[in-house]
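Source file: upload_12.txt. Holds: compact mmCIF, N, CA and C atoms.
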```
# COMPACT_ATOMS: atom_id res chain seq x y z
N MET L 377 -2.82 3.00 6.50
CA MET L 377 -2.18 3.97 5.64
C MET L 377 -2.50 3.60 4.20
N ALA L 378 -2.83 4.59 3.40
CA ALA L 378 -3.18 4.35 2.00
C ALA L 378 -2.00 3.73 1.26
N GLN L 379 -2.31 2.90 0.28
CA GLN L 379 -1.26 2.24 -0.50
C GLN L 379 -0.37 3.27 -1.17
N SER L 380 -0.94 4.35 -1.67
CA SER L 380 -0.12 5.35 -2.35
C SER L 380 0.86 6.02 -1.39
N VAL L 381 0.48 6.21 -0.13
CA VAL L 381 1.40 6.77 0.86
C VAL L 381 2.53 5.77 1.10
N GLU L 382 2.21 4.49 1.20
CA GLU L 382 3.23 3.46 1.38
C GLU L 382 4.24 3.50 0.22
N GLN L 383 3.75 3.66 -0.99
CA GLN L 383 4.63 3.71 -2.16
C GLN L 383 5.55 4.93 -2.09
N VAL L 384 5.01 6.07 -1.70
CA VAL L 384 5.81 7.29 -1.58
C VAL L 384 6.87 7.10 -0.50
N LEU L 385 6.49 6.54 0.64
CA LEU L 385 7.45 6.30 1.72
C LEU L 385 8.56 5.35 1.27
N GLN L 386 8.21 4.35 0.50
CA GLN L 386 9.21 3.42 0.00
C GLN L 386 10.18 4.14 -0.94
N LYS L 387 9.66 5.01 -1.81
CA LYS L 387 10.52 5.79 -2.69
C LYS L 387 11.47 6.66 -1.86
N ILE L 388 10.94 7.28 -0.83
CA ILE L 388 11.77 8.13 0.04
C ILE L 388 12.88 7.31 0.67
N ARG L 389 12.56 6.13 1.17
CA ARG L 389 13.58 5.27 1.79
C ARG L 389 14.68 4.91 0.79
N PHE L 390 14.28 4.57 -0.44
CA PHE L 390 15.27 4.22 -1.46
C PHE L 390 16.16 5.41 -1.78
N ILE L 391 15.58 6.58 -1.92
CA ILE L 391 16.36 7.78 -2.23
C ILE L 391 17.30 8.10 -1.07
N GLU L 392 16.81 7.99 0.17
CA GLU L 392 17.67 8.26 1.33
C GLU L 392 18.84 7.29 1.39
N GLN L 393 18.62 6.03 1.02
CA GLN L 393 19.73 5.06 0.97
C GLN L 393 20.72 5.46 -0.12
N ASP L 394 20.21 5.94 -1.24
CA ASP L 394 21.06 6.38 -2.33
C ASP L 394 21.87 7.61 -1.92
N ILE L 395 21.26 8.50 -1.14
CA ILE L 395 21.98 9.67 -0.63
C ILE L 395 23.15 9.22 0.24
N GLU L 396 22.91 8.27 1.13
CA GLU L 396 24.00 7.76 1.99
C GLU L 396 25.11 7.15 1.16
N LEU L 397 24.76 6.42 0.12
CA LEU L 397 25.75 5.83 -0.77
C LEU L 397 26.58 6.93 -1.43
N HIS L 398 25.91 7.97 -1.91
CA HIS L 398 26.63 9.07 -2.56
C HIS L 398 27.51 9.85 -1.58
N LYS L 399 27.10 9.93 -0.32
CA LYS L 399 27.95 10.56 0.69
C LYS L 399 29.23 9.75 0.86
N SER L 400 29.11 8.44 0.86
CA SER L 400 30.29 7.57 0.96
C SER L 400 31.20 7.75 -0.26
N ILE L 401 30.59 7.86 -1.41
CA ILE L 401 31.36 8.09 -2.64
C ILE L 401 32.10 9.42 -2.54
N LEU L 402 31.39 10.44 -2.05
CA LEU L 402 31.97 11.78 -1.95
C LEU L 402 33.24 11.79 -1.10
N VAL L 403 33.20 11.12 0.05
CA VAL L 403 34.38 11.14 0.92
C VAL L 403 35.53 10.31 0.35
N SER L 404 35.25 9.45 -0.62
CA SER L 404 36.31 8.64 -1.20
C SER L 404 36.96 9.30 -2.42
N ILE L 405 36.40 10.39 -2.89
CA ILE L 405 36.97 11.08 -4.06
C ILE L 405 38.21 11.85 -3.63
N PRO L 406 39.31 11.69 -4.34
CA PRO L 406 40.53 12.43 -4.00
C PRO L 406 40.28 13.95 -4.05
N LYS L 407 40.92 14.67 -3.16
CA LYS L 407 40.71 16.10 -3.00
C LYS L 407 41.03 16.90 -4.27
N ASP L 408 41.89 16.38 -5.11
CA ASP L 408 42.26 17.12 -6.32
C ASP L 408 41.24 16.95 -7.46
N GLN L 409 40.18 16.20 -7.23
CA GLN L 409 39.14 16.00 -8.25
C GLN L 409 37.88 16.79 -7.88
N GLU L 410 38.03 18.11 -7.83
CA GLU L 410 36.94 18.98 -7.41
C GLU L 410 35.71 18.86 -8.32
N GLY L 411 35.95 18.71 -9.61
CA GLY L 411 34.83 18.59 -10.55
C GLY L 411 33.96 17.38 -10.23
N GLU L 412 34.60 16.28 -9.92
CA GLU L 412 33.86 15.05 -9.57
C GLU L 412 33.10 15.25 -8.27
N MET L 413 33.75 15.92 -7.30
CA MET L 413 33.08 16.20 -6.03
C MET L 413 31.83 17.04 -6.26
N GLU L 414 31.95 18.06 -7.09
CA GLU L 414 30.81 18.94 -7.36
C GLU L 414 29.66 18.18 -8.01
N LYS L 415 29.98 17.25 -8.91
CA LYS L 415 28.93 16.42 -9.54
C LYS L 415 28.18 15.61 -8.49
N VAL L 416 28.93 14.97 -7.58
CA VAL L 416 28.32 14.14 -6.54
C VAL L 416 27.49 15.00 -5.60
N ILE L 417 28.02 16.16 -5.22
CA ILE L 417 27.27 17.07 -4.35
C ILE L 417 25.98 17.51 -5.03
N GLY L 418 26.06 17.81 -6.32
CA GLY L 418 24.87 18.18 -7.08
C GLY L 418 23.84 17.07 -7.10
N LYS L 419 24.30 15.85 -7.27
CA LYS L 419 23.40 14.68 -7.28
C LYS L 419 22.73 14.52 -5.91
N ILE L 420 23.50 14.69 -4.83
CA ILE L 420 22.94 14.59 -3.48
C ILE L 420 21.88 15.66 -3.28
N LYS L 421 22.14 16.87 -3.73
CA LYS L 421 21.17 17.96 -3.60
C LYS L 421 19.89 17.63 -4.36
N GLN L 422 20.03 17.12 -5.57
CA GLN L 422 18.85 16.73 -6.37
C GLN L 422 18.02 15.67 -5.63
N MET L 423 18.70 14.70 -5.05
CA MET L 423 17.98 13.64 -4.34
C MET L 423 17.29 14.20 -3.10
N LYS L 424 17.94 15.10 -2.37
CA LYS L 424 17.32 15.71 -1.19
C LYS L 424 16.10 16.53 -1.60
N ASP L 425 16.20 17.25 -2.72
CA ASP L 425 15.06 18.01 -3.24
C ASP L 425 13.91 17.07 -3.59
N ARG L 426 14.25 15.93 -4.16
CA ARG L 426 13.22 14.93 -4.53
C ARG L 426 12.54 14.38 -3.28
N VAL L 427 13.30 14.14 -2.22
CA VAL L 427 12.71 13.67 -0.96
C VAL L 427 11.72 14.70 -0.43
N GLN L 428 12.09 15.97 -0.46
CA GLN L 428 11.18 17.02 0.01
C GLN L 428 9.92 17.09 -0.85
N GLU L 429 10.09 16.92 -2.13
CA GLU L 429 8.95 16.91 -3.05
C GLU L 429 8.01 15.74 -2.73
N LEU L 430 8.59 14.57 -2.50
CA LEU L 430 7.78 13.40 -2.16
C LEU L 430 7.07 13.58 -0.82
N LYS L 431 7.75 14.18 0.15
CA LYS L 431 7.11 14.44 1.44
C LYS L 431 5.93 15.38 1.26
N GLY L 432 6.08 16.35 0.38
CA GLY L 432 4.98 17.25 0.09
C GLY L 432 3.80 16.52 -0.53
N SER L 433 4.08 15.51 -1.34
CA SER L 433 2.99 14.75 -1.95
C SER L 433 2.24 13.94 -0.90
N ILE L 434 2.93 13.54 0.16
CA ILE L 434 2.24 12.83 1.25
C ILE L 434 1.23 13.75 1.91
N ALA L 435 1.60 15.02 2.06
CA ALA L 435 0.69 16.00 2.65
C ALA L 435 -0.59 16.11 1.84
N GLU L 436 -0.48 15.99 0.54
CA GLU L 436 -1.66 16.04 -0.34
C GLU L 436 -2.48 14.76 -0.24
N ILE L 437 -1.80 13.62 -0.16
CA ILE L 437 -2.49 12.33 -0.13
C ILE L 437 -3.17 12.10 1.21
N ASP L 438 -2.43 12.33 2.29
CA ASP L 438 -2.96 12.07 3.64
C ASP L 438 -2.33 13.05 4.62
N PRO L 439 -2.98 14.19 4.85
CA PRO L 439 -2.42 15.21 5.75
C PRO L 439 -2.13 14.70 7.15
N GLU L 440 -2.91 13.75 7.64
CA GLU L 440 -2.70 13.21 8.98
C GLU L 440 -1.39 12.43 9.06
N VAL L 441 -1.11 11.62 8.07
CA VAL L 441 0.14 10.87 8.02
C VAL L 441 1.31 11.84 7.90
N HIS L 442 1.15 12.85 7.07
CA HIS L 442 2.21 13.85 6.89
C HIS L 442 2.52 14.53 8.22
N ALA L 443 1.49 14.91 8.95
CA ALA L 443 1.69 15.56 10.26
C ALA L 443 2.42 14.62 11.22
N HIS L 444 2.09 13.33 11.18
CA HIS L 444 2.76 12.35 12.05
C HIS L 444 4.24 12.21 11.66
N ILE L 445 4.52 12.21 10.39
CA ILE L 445 5.91 12.12 9.92
C ILE L 445 6.71 13.32 10.41
N LEU L 446 6.12 14.51 10.27
CA LEU L 446 6.80 15.72 10.73
C LEU L 446 7.04 15.68 12.24
N GLN L 447 6.06 15.16 12.97
CA GLN L 447 6.19 15.04 14.43
C GLN L 447 7.33 14.08 14.78
N LEU L 448 7.43 12.97 14.07
CA LEU L 448 8.51 12.02 14.31
C LEU L 448 9.87 12.61 13.96
N GLU L 449 9.94 13.35 12.87
CA GLU L 449 11.20 13.98 12.49
C GLU L 449 11.65 14.98 13.54
N GLU L 450 10.72 15.79 14.04
CA GLU L 450 11.05 16.76 15.07
C GLU L 450 11.46 16.05 16.36
N GLY L 451 10.76 15.00 16.72
CA GLY L 451 11.12 14.22 17.91
C GLY L 451 12.50 13.60 17.77
N THR L 452 12.82 13.12 16.59
CA THR L 452 14.13 12.53 16.34
C THR L 452 15.23 13.57 16.51
N ARG L 453 15.01 14.76 15.97
CA ARG L 453 16.01 15.83 16.13
C ARG L 453 16.20 16.17 17.61
N LYS L 454 15.08 16.26 18.34
CA LYS L 454 15.15 16.59 19.76
C LYS L 454 15.86 15.48 20.54
N PHE L 455 15.54 14.22 20.24
CA PHE L 455 16.18 13.08 20.89
C PHE L 455 17.69 13.13 20.68
N GLN L 456 18.11 13.35 19.44
CA GLN L 456 19.53 13.41 19.13
C GLN L 456 20.20 14.55 19.88
N GLU L 457 19.51 15.68 19.98
CA GLU L 457 20.06 16.82 20.69
C GLU L 457 20.24 16.50 22.18
N VAL L 458 19.24 15.85 22.76
CA VAL L 458 19.28 15.52 24.19
C VAL L 458 20.42 14.56 24.51
N ILE L 459 20.61 13.55 23.68
CA ILE L 459 21.60 12.52 24.02
C ILE L 459 23.02 12.82 23.55
N LYS L 460 23.19 13.81 22.69
CA LYS L 460 24.54 14.02 22.12
C LYS L 460 25.59 14.42 23.16
N SER L 461 25.17 15.03 24.24
CA SER L 461 26.16 15.45 25.24
C SER L 461 26.31 14.44 26.38
N ARG L 462 25.66 13.31 26.25
CA ARG L 462 25.72 12.30 27.31
C ARG L 462 26.58 11.12 26.90
N GLU L 463 27.18 10.52 27.89
CA GLU L 463 27.91 9.28 27.64
C GLU L 463 26.90 8.14 27.77
N LEU L 464 26.67 7.44 26.69
CA LEU L 464 25.65 6.40 26.68
C LEU L 464 26.25 5.03 26.95
N ARG L 465 25.53 4.26 27.78
CA ARG L 465 25.94 2.88 28.07
C ARG L 465 25.18 1.89 27.22
N GLN L 466 23.95 2.29 26.79
CA GLN L 466 23.13 1.34 26.05
C GLN L 466 22.14 2.11 25.18
N VAL L 467 21.94 1.63 23.96
CA VAL L 467 20.92 2.17 23.06
C VAL L 467 20.16 0.99 22.49
N ILE L 468 18.83 1.07 22.56
CA ILE L 468 17.98 0.00 22.05
C ILE L 468 16.99 0.63 21.08
N THR L 469 16.89 0.04 19.89
CA THR L 469 15.94 0.53 18.90
C THR L 469 14.88 -0.54 18.63
N LEU L 470 13.72 -0.09 18.23
CA LEU L 470 12.60 -1.00 17.94
C LEU L 470 12.97 -1.94 16.80
N ASP L 471 13.56 -1.43 15.75
CA ASP L 471 13.88 -2.29 14.61
C ASP L 471 15.01 -3.27 14.93
N GLN L 472 15.89 -2.89 15.83
CA GLN L 472 17.00 -3.75 16.22
C GLN L 472 16.54 -4.88 17.16
N ALA L 473 15.75 -4.52 18.17
CA ALA L 473 15.39 -5.48 19.21
C ALA L 473 14.01 -6.11 19.00
N GLY L 474 13.20 -5.53 18.13
CA GLY L 474 11.85 -6.05 17.93
C GLY L 474 10.87 -5.54 18.97
N GLU L 475 11.40 -4.98 20.05
CA GLU L 475 10.58 -4.40 21.11
C GLU L 475 11.39 -3.29 21.76
N CYS L 476 10.71 -2.20 22.03
CA CYS L 476 11.37 -1.08 22.70
C CYS L 476 10.33 -0.45 23.62
N ARG L 477 10.55 -0.62 24.91
CA ARG L 477 9.57 -0.14 25.88
C ARG L 477 10.30 0.30 27.14
N VAL L 478 9.75 1.32 27.77
CA VAL L 478 10.26 1.76 29.07
C VAL L 478 9.19 1.40 30.09
N ASP L 479 9.56 0.61 31.09
CA ASP L 479 8.64 0.21 32.16
C ASP L 479 9.00 0.98 33.42
N LEU L 480 8.00 1.66 33.97
CA LEU L 480 8.24 2.45 35.18
C LEU L 480 7.78 1.71 36.41
N VAL L 481 8.35 2.06 37.56
CA VAL L 481 8.00 1.39 38.81
C VAL L 481 6.54 1.64 39.18
N ASP L 482 5.94 2.72 38.69
CA ASP L 482 4.53 3.01 39.00
C ASP L 482 3.57 2.24 38.09
N GLY L 483 4.11 1.36 37.23
CA GLY L 483 3.28 0.51 36.38
C GLY L 483 3.06 1.05 34.98
N ARG L 484 3.39 2.30 34.73
CA ARG L 484 3.21 2.83 33.38
C ARG L 484 4.26 2.26 32.44
N GLN L 485 3.86 2.16 31.17
CA GLN L 485 4.76 1.66 30.14
C GLN L 485 4.70 2.62 28.96
N PHE L 486 5.83 2.82 28.33
CA PHE L 486 5.92 3.68 27.16
C PHE L 486 6.58 2.91 26.02
N GLU L 487 5.82 2.69 24.95
CA GLU L 487 6.38 2.06 23.76
C GLU L 487 7.23 3.11 23.06
N CYS L 488 8.38 2.68 22.52
CA CYS L 488 9.27 3.66 21.92
C CYS L 488 9.91 3.14 20.63
N LEU L 489 10.44 4.08 19.88
CA LEU L 489 11.22 3.76 18.69
C LEU L 489 12.67 3.51 19.05
N VAL L 490 13.15 4.28 20.03
CA VAL L 490 14.52 4.15 20.50
C VAL L 490 14.59 4.64 21.94
N LYS L 491 15.47 4.01 22.71
CA LYS L 491 15.73 4.46 24.07
C LYS L 491 17.22 4.34 24.33
N ALA L 492 17.72 5.28 25.14
CA ALA L 492 19.15 5.30 25.43
C ALA L 492 19.36 5.50 26.92
N MET L 493 20.27 4.69 27.48
CA MET L 493 20.60 4.81 28.89
C MET L 493 21.96 5.49 29.01
N ASP L 494 22.02 6.51 29.87
CA ASP L 494 23.28 7.21 30.07
C ASP L 494 24.11 6.54 31.16
N GLU L 495 25.27 7.11 31.44
CA GLU L 495 26.20 6.50 32.40
C GLU L 495 25.65 6.45 33.81
N LYS L 496 24.63 7.25 34.13
CA LYS L 496 24.03 7.26 35.47
C LYS L 496 22.83 6.31 35.59
N GLY L 497 22.44 5.70 34.48
CA GLY L 497 21.29 4.79 34.50
C GLY L 497 19.98 5.46 34.15
N ASN L 498 20.01 6.74 33.77
CA ASN L 498 18.80 7.44 33.34
C ASN L 498 18.51 7.10 31.89
N TRP L 499 17.22 7.09 31.55
CA TRP L 499 16.81 6.73 30.20
C TRP L 499 16.19 7.92 29.50
N THR L 500 16.44 8.04 28.21
CA THR L 500 15.77 8.97 27.33
C THR L 500 15.13 8.14 26.23
N ALA L 501 13.86 8.42 25.93
CA ALA L 501 13.15 7.61 24.95
C ALA L 501 12.44 8.49 23.92
N LEU L 502 12.37 7.99 22.69
CA LEU L 502 11.57 8.60 21.63
C LEU L 502 10.38 7.70 21.42
N THR L 503 9.18 8.20 21.75
CA THR L 503 7.97 7.37 21.66
C THR L 503 7.51 7.22 20.22
N LEU L 504 6.56 6.34 20.02
CA LEU L 504 5.99 6.11 18.70
C LEU L 504 5.30 7.35 18.15
N ASP L 505 4.91 8.26 19.04
CA ASP L 505 4.26 9.51 18.63
C ASP L 505 5.25 10.64 18.41
N GLY L 506 6.54 10.37 18.59
CA GLY L 506 7.55 11.39 18.37
C GLY L 506 7.83 12.25 19.58
N GLU L 507 7.37 11.82 20.74
CA GLU L 507 7.61 12.57 21.97
C GLU L 507 8.91 12.07 22.62
N VAL L 508 9.71 13.01 23.12
CA VAL L 508 10.95 12.66 23.82
C VAL L 508 10.67 12.71 25.32
N LEU L 509 10.92 11.58 25.98
CA LEU L 509 10.68 11.47 27.42
C LEU L 509 11.99 11.12 28.11
N GLU L 510 12.17 11.68 29.30
CA GLU L 510 13.36 11.37 30.09
C GLU L 510 12.92 10.82 31.44
N PHE L 511 13.63 9.77 31.89
CA PHE L 511 13.30 9.11 33.14
C PHE L 511 14.55 8.93 33.98
N GLY L 512 14.43 9.23 35.26
CA GLY L 512 15.52 9.02 36.20
C GLY L 512 15.64 7.55 36.54
N VAL L 513 16.81 7.15 36.96
CA VAL L 513 17.08 5.75 37.28
C VAL L 513 16.10 5.23 38.33
N GLU L 514 15.66 6.10 39.25
CA GLU L 514 14.73 5.68 40.31
C GLU L 514 13.30 5.42 39.79
N GLU L 515 12.99 5.89 38.60
CA GLU L 515 11.66 5.70 38.01
C GLU L 515 11.53 4.41 37.22
N ILE L 516 12.65 3.81 36.84
CA ILE L 516 12.67 2.69 35.93
C ILE L 516 12.56 1.37 36.67
N MET L 517 11.70 0.49 36.17
CA MET L 517 11.57 -0.86 36.71
C MET L 517 12.80 -1.64 36.27
N GLU L 518 13.46 -2.29 37.20
CA GLU L 518 14.64 -3.08 36.86
C GLU L 518 14.24 -4.28 36.03
N LEU L 519 15.11 -4.64 35.11
CA LEU L 519 14.83 -5.77 34.20
C LEU L 519 15.00 -7.09 34.87
```
Here is the file; what I need is its structure written in the form of structure tokens.
Amino acid sequence: MAQSVEQVLQKIRFIEQDIELHKSILVSIPKDQEGEMEKVIGKIKQMKDRVQELKGSIAEIDPEVHAHILQLEEGTRKFQEVIKSRELRQVITLDQAGECRVDLVDGRQFECLVKAMDEKGNWTALTLDGEVLEFGVEEIMEL
């Protein structure tokens, strides 16, 4: 990945962290201070607009990386949608565990960013390519 793309991604991460901080600030503002709430909401909107602007600059710098980012974002939304109605027993993320893989009894392996096991032992995984895969308990190699 080009150094300039790395710099843009780092800026995006910092802004997203700042957005989360401002969301925390927003919920702590007393309800009778509407003016202060509006200022914080305005700041959050500005930061979100800046993130979109920076993402657009990635498309100019490296269209392939931009397409991959969009694919991961869409996969993340789909993953969240799939698991939100399930009772989860376990969630493992790549950054948390250092490794995230689904091993199937047929010998196939899928590297993932996150995987979640539901109450029945079925797994849902978000792959490194942004694909959402679901596996039945009978397909999974026991640990």
Write down as a PyMOL selection string the residues of chain L whose backbone DSSP state falls under helix (DSSP H, G or I).
chain L and resi 379-404+410-437+439-459+470-473+513-515
Would you mind listing what lies within 12 Å of L:Leu446 as a list in words, with only C-alpha atoms counted and same-chain residues fewer than 5 positions away left out?
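Close residues of L:Leu446: Gln428, Lys431, Gly432, Ile434, Ala435, Pro439, Glu440, Val441, Gly451, Thr452, Arg453, Asp505, Gly506 and Glu507 of chain L.
Contact shell of L:Val427 at 8 Å (only N, CA and C atoms; same-chain neighbours under 4 positions omitted): L:Lys387, L:Ile388, L:Arg389, L:Ile391, L:Glu392, L:Lys421, L:Gln422, L:Met423, L:Lys431, L:Gly432, L:Ser433.
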Using only the atoms of stretch 409-412 of chain L listed in the file, plus 8 Å on each side, state the axis-aligned box centre and edge lengths in Å rounded to one decimal, as lines of an AutoDock Vina configuration file.
```
center_x = 36.6
center_y = 17.0
center_z = -8.9
size_x = 23.1
size_y = 19.9
size_z = 19.3
```
L:Glu515: which residues within 6 Å, counting only N, CA and C atoms, same-chain residues fewer than 3 positions away excluded, as a list in words?
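Answer for this query is Asp479, Leu480, Val481, Phe511 and Gly512 of chain L.
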Can you pull out every residue within 6 Å of L:Val478, counting all atoms listed in the file, but drop anything in the same chain fewer than 3 positions away, and send it as a PyMOL selection string?
chain L and resi 484-488
Test item, strand (DSSP E or B) assignment across stretch 383-483 of chain L, answer as a list in words
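After running DSSP on the backbone, stretch 383-483 of chain L has strand (DSSP E or B) at Leu464, Arg465, Gln466, Val467, Ile468, Thr469, Arg477, Val478, Asp479 and Leu480 of chain L.
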Kindly reconstruct stretch 428-440 of chain L with N, CA, C and O atoms and present the result as a PDB file, keeping the file's coordinate frame.
```
ATOM      1  N   GLN L 428      12.090  15.970  -0.460  1.00  0.00           N
ATOM      2  CA  GLN L 428      11.180  17.020   0.010  1.00  0.00           C
ATOM      3  C   GLN L 428       9.920  17.090  -0.850  1.00  0.00           C
ATOM      4  O   GLN L 428       8.815  17.259  -0.331  1.00  0.00           O
ATOM      5  N   GLU L 429      10.090  16.920  -2.130  1.00  0.00           N
ATOM      6  CA  GLU L 429       8.950  16.910  -3.050  1.00  0.00           C
ATOM      7  C   GLU L 429       8.010  15.740  -2.730  1.00  0.00           C
ATOM      8  O   GLU L 429       6.787  15.904  -2.675  1.00  0.00           O
ATOM      9  N   LEU L 430       8.590  14.570  -2.500  1.00  0.00           N
ATOM     10  CA  LEU L 430       7.780  13.400  -2.160  1.00  0.00           C
ATOM     11  C   LEU L 430       7.070  13.580  -0.820  1.00  0.00           C
ATOM     12  O   LEU L 430       5.917  13.189  -0.672  1.00  0.00           O
ATOM     13  N   LYS L 431       7.750  14.180   0.150  1.00  0.00           N
ATOM     14  CA  LYS L 431       7.110  14.440   1.440  1.00  0.00           C
ATOM     15  C   LYS L 431       5.930  15.380   1.260  1.00  0.00           C
ATOM     16  O   LYS L 431       4.890  15.215   1.910  1.00  0.00           O
ATOM     17  N   GLY L 432       6.080  16.350   0.380  1.00  0.00           N
ATOM     18  CA  GLY L 432       4.980  17.250   0.090  1.00  0.00           C
ATOM     19  C   GLY L 432       3.800  16.520  -0.530  1.00  0.00           C
ATOM     20  O   GLY L 432       2.642  16.849  -0.253  1.00  0.00           O
ATOM     21  N   SER L 433       4.080  15.510  -1.340  1.00  0.00           N
ATOM     22  CA  SER L 433       2.990  14.750  -1.950  1.00  0.00           C
ATOM     23  C   SER L 433       2.240  13.940  -0.900  1.00  0.00           C
ATOM     24  O   SER L 433       1.033  13.700  -1.036  1.00  0.00           O
ATOM     25  N   ILE L 434       2.930  13.540   0.160  1.00  0.00           N
ATOM     26  CA  ILE L 434       2.240  12.830   1.250  1.00  0.00           C
ATOM     27  C   ILE L 434       1.230  13.750   1.910  1.00  0.00           C
ATOM     28  O   ILE L 434       0.130  13.345   2.264  1.00  0.00           O
ATOM     29  N   ALA L 435       1.600  15.020   2.060  1.00  0.00           N
ATOM     30  CA  ALA L 435       0.690  16.000   2.650  1.00  0.00           C
ATOM     31  C   ALA L 435      -0.590  16.110   1.840  1.00  0.00           C
ATOM     32  O   ALA L 435      -1.677  16.281   2.397  1.00  0.00           O
ATOM     33  N   GLU L 436      -0.480  15.990   0.540  1.00  0.00           N
ATOM     34  CA  GLU L 436      -1.660  16.040  -0.340  1.00  0.00           C
ATOM     35  C   GLU L 436      -2.480  14.760  -0.240  1.00  0.00           C
ATOM     36  O   GLU L 436      -3.710  14.800  -0.243  1.00  0.00           O
ATOM     37  N   ILE L 437      -1.800  13.620  -0.160  1.00  0.00           N
ATOM     38  CA  ILE L 437      -2.490  12.330  -0.130  1.00  0.00           C
ATOM     39  C   ILE L 437      -3.170  12.100   1.210  1.00  0.00           C
ATOM     40  O   ILE L 437      -4.337  11.713   1.259  1.00  0.00           O
ATOM     41  N   ASP L 438      -2.430  12.330   2.290  1.00  0.00           N
ATOM     42  CA  ASP L 438      -2.960  12.070   3.640  1.00  0.00           C
ATOM     43  C   ASP L 438      -2.330  13.050   4.620  1.00  0.00           C
ATOM     44  O   ASP L 438      -1.255  12.775   5.180  1.00  0.00           O
ATOM     45  N   PRO L 439      -2.980  14.190   4.850  1.00  0.00           N
ATOM     46  CA  PRO L 439      -2.420  15.210   5.750  1.00  0.00           C
ATOM     47  C   PRO L 439      -2.130  14.700   7.150  1.00  0.00           C
ATOM     48  O   PRO L 439      -1.169  15.132   7.797  1.00  0.00           O
ATOM     49  N   GLU L 440      -2.910  13.750   7.640  1.00  0.00           N
ATOM     50  CA  GLU L 440      -2.700  13.210   8.980  1.00  0.00           C
ATOM     51  C   GLU L 440      -1.390  12.430   9.060  1.00  0.00           C
ATOM     52  O   GLU L 440      -0.627  12.583  10.020  1.00  0.00           O
TER      53      GLU L 440
END
```
